[in-house]
Amino acid sequence: MRNSFTISILLALIASFLYSCQTNTCGDIAGKWSTREGTELVFKEDGTVLWLTRFGRLIDTVSGVFKLNCETKPATLDMSGFNAGPYMGKHLFGIIEWSADSLFRFCYEIGKEADCRPTSFETDQTVKFYK
């Protein structure tokens with residue numbers, strides 16, 4: 001009786017693990033995220049994003065909108081509608097992956113259509129953000 005209970009628990013744990021590997025979970029993106037190198041992204045609940053870039057004591061702030069899709073693998077993060085700066089009038093099509101609740105990596109390409117989106121995390125184009 002004890003062995004069948006242990007086997008049932010093990011099977012449930014294995015099934016749970018296999019299911020979690022098949023689903024793509026996103027962390028909570030709301031709030032301030034930093035590269036720790038002068039760039040911060042502030043994601044708001046209403047779908048807007050602030051992109052802050054520090055130049056010494058000066059901070060350049062650009063606003064835009066974002067869309068996070070956790071149903072794809074890898075998850076996607078797109079940003080557009082920037083009101084100023086080098087990304088004004090452009091779309092950023094990206095992929096995102098959480099390493100922890102307070103860390104994700106983001107890789108993106110600029111384009112007009114989503115077919116320019118990266119399919120893997122290239123080290124030279126991937127940026128880590130910390131909460």
# chains A, B, ... in the order shown; residues from 1 in each chain; ligands from 1

$ select_by_dssp --residues "chain A" --states "strand (DSSP E or B)" --output "compact mmCIF listing (two decimals) with C-alpha atoms, in the first residue's frame"
# COMPACT_ATOMS: atom_id res chain seq x y z
CA GLY A 31 7.46 47.84 -12.89
CA LYS A 32 10.97 49.14 -13.42
CA TRP A 33 13.65 46.97 -15.05
CA SER A 34 17.28 47.99 -15.47
CA THR A 39 18.98 51.85 -19.53
CA GLU A 40 15.69 51.28 -17.73
CA LEU A 41 12.32 50.10 -18.97
CA VAL A 42 9.21 50.88 -16.93
CA PHE A 43 6.26 48.69 -17.91
CA THR A 48 2.53 51.70 -21.90
CA VAL A 49 6.28 51.61 -21.46
CA LEU A 50 8.83 54.26 -20.55
CA TRP A 51 12.35 53.82 -21.94
CA LEU A 52 14.84 55.76 -19.81
CA THR A 53 18.43 56.25 -20.88
CA ARG A 54 20.94 57.86 -18.52
CA PHE A 55 23.70 60.14 -19.75
CA LEU A 58 20.70 63.55 -17.54
CA ILE A 59 17.88 61.11 -18.27
CA ASP A 60 16.26 60.84 -21.68
CA THR A 61 12.69 59.52 -21.38
CA VAL A 62 10.76 58.07 -24.31
CA SER A 63 7.25 56.63 -24.03
CA GLY A 64 5.61 53.94 -26.12
CA VAL A 65 3.35 50.92 -25.93
CA PHE A 66 4.13 47.25 -25.49
CA LYS A 67 2.48 43.88 -26.02
CA LEU A 68 3.61 40.78 -24.15
CA ASN A 69 2.51 37.40 -25.51
CA ALA A 75 7.37 34.48 -25.31
CA THR A 76 7.27 37.65 -27.40
CA LEU A 77 7.56 41.28 -26.39
CA ASP A 78 6.80 43.97 -28.97
CA MET A 79 7.19 47.71 -28.48
CA SER A 80 6.11 50.59 -30.72
CA HIS A 91 8.49 48.67 -34.20
CA LEU A 92 10.64 46.45 -32.01
CA PHE A 93 9.80 42.77 -32.38
CA GLY A 94 11.38 40.72 -29.63
CA ILE A 95 11.57 37.50 -27.71
CA ILE A 96 11.77 37.38 -23.92
CA GLU A 97 12.72 34.75 -21.38
CA TRP A 98 12.62 34.90 -17.59
CA SER A 99 15.50 33.43 -15.60
CA ALA A 100 13.96 34.44 -12.27
CA LEU A 103 15.64 38.80 -14.25
CA PHE A 104 14.73 38.41 -17.91
CA ARG A 105 16.62 38.52 -21.17
CA PHE A 106 15.32 40.29 -24.24
CA CYS A 107 16.42 40.08 -27.86
CA TYR A 108 14.79 42.21 -30.56
CA GLU A 109 15.00 43.43 -34.12
CA ILE A 110 13.61 46.61 -35.61
CA GLY A 111 11.24 46.17 -38.52
CA THR A 126 20.53 39.91 -26.06
CA VAL A 127 20.08 42.33 -23.19
CA LYS A 128 19.49 41.30 -19.57
CA PHE A 129 17.11 43.32 -17.39
CA TYR A 130 17.03 43.22 -13.60

$ atom_distance --atom1 "atom CA of A:Ile29" --atom2 "atom CA of A:Glu71"
14.9 Å

$ atom_distance --atom1 "atom CA of A:Phe121" --atom2 "atom CA of A:Gly27"
17.7 Å

$ select_by_dssp --residues "chain A" --states "alpha helix (DSSP H)" --output "list in words"
Arg2, Asn3, Ser4, Phe5, Thr6, Ile7, Ser8, Ile9, Leu10, Leu11, Ala12, Leu13, Ile14, Ala15, Ser16, Phe17, Leu18, Tyr19, Ser20, Cys21 and Gln22 of chain A
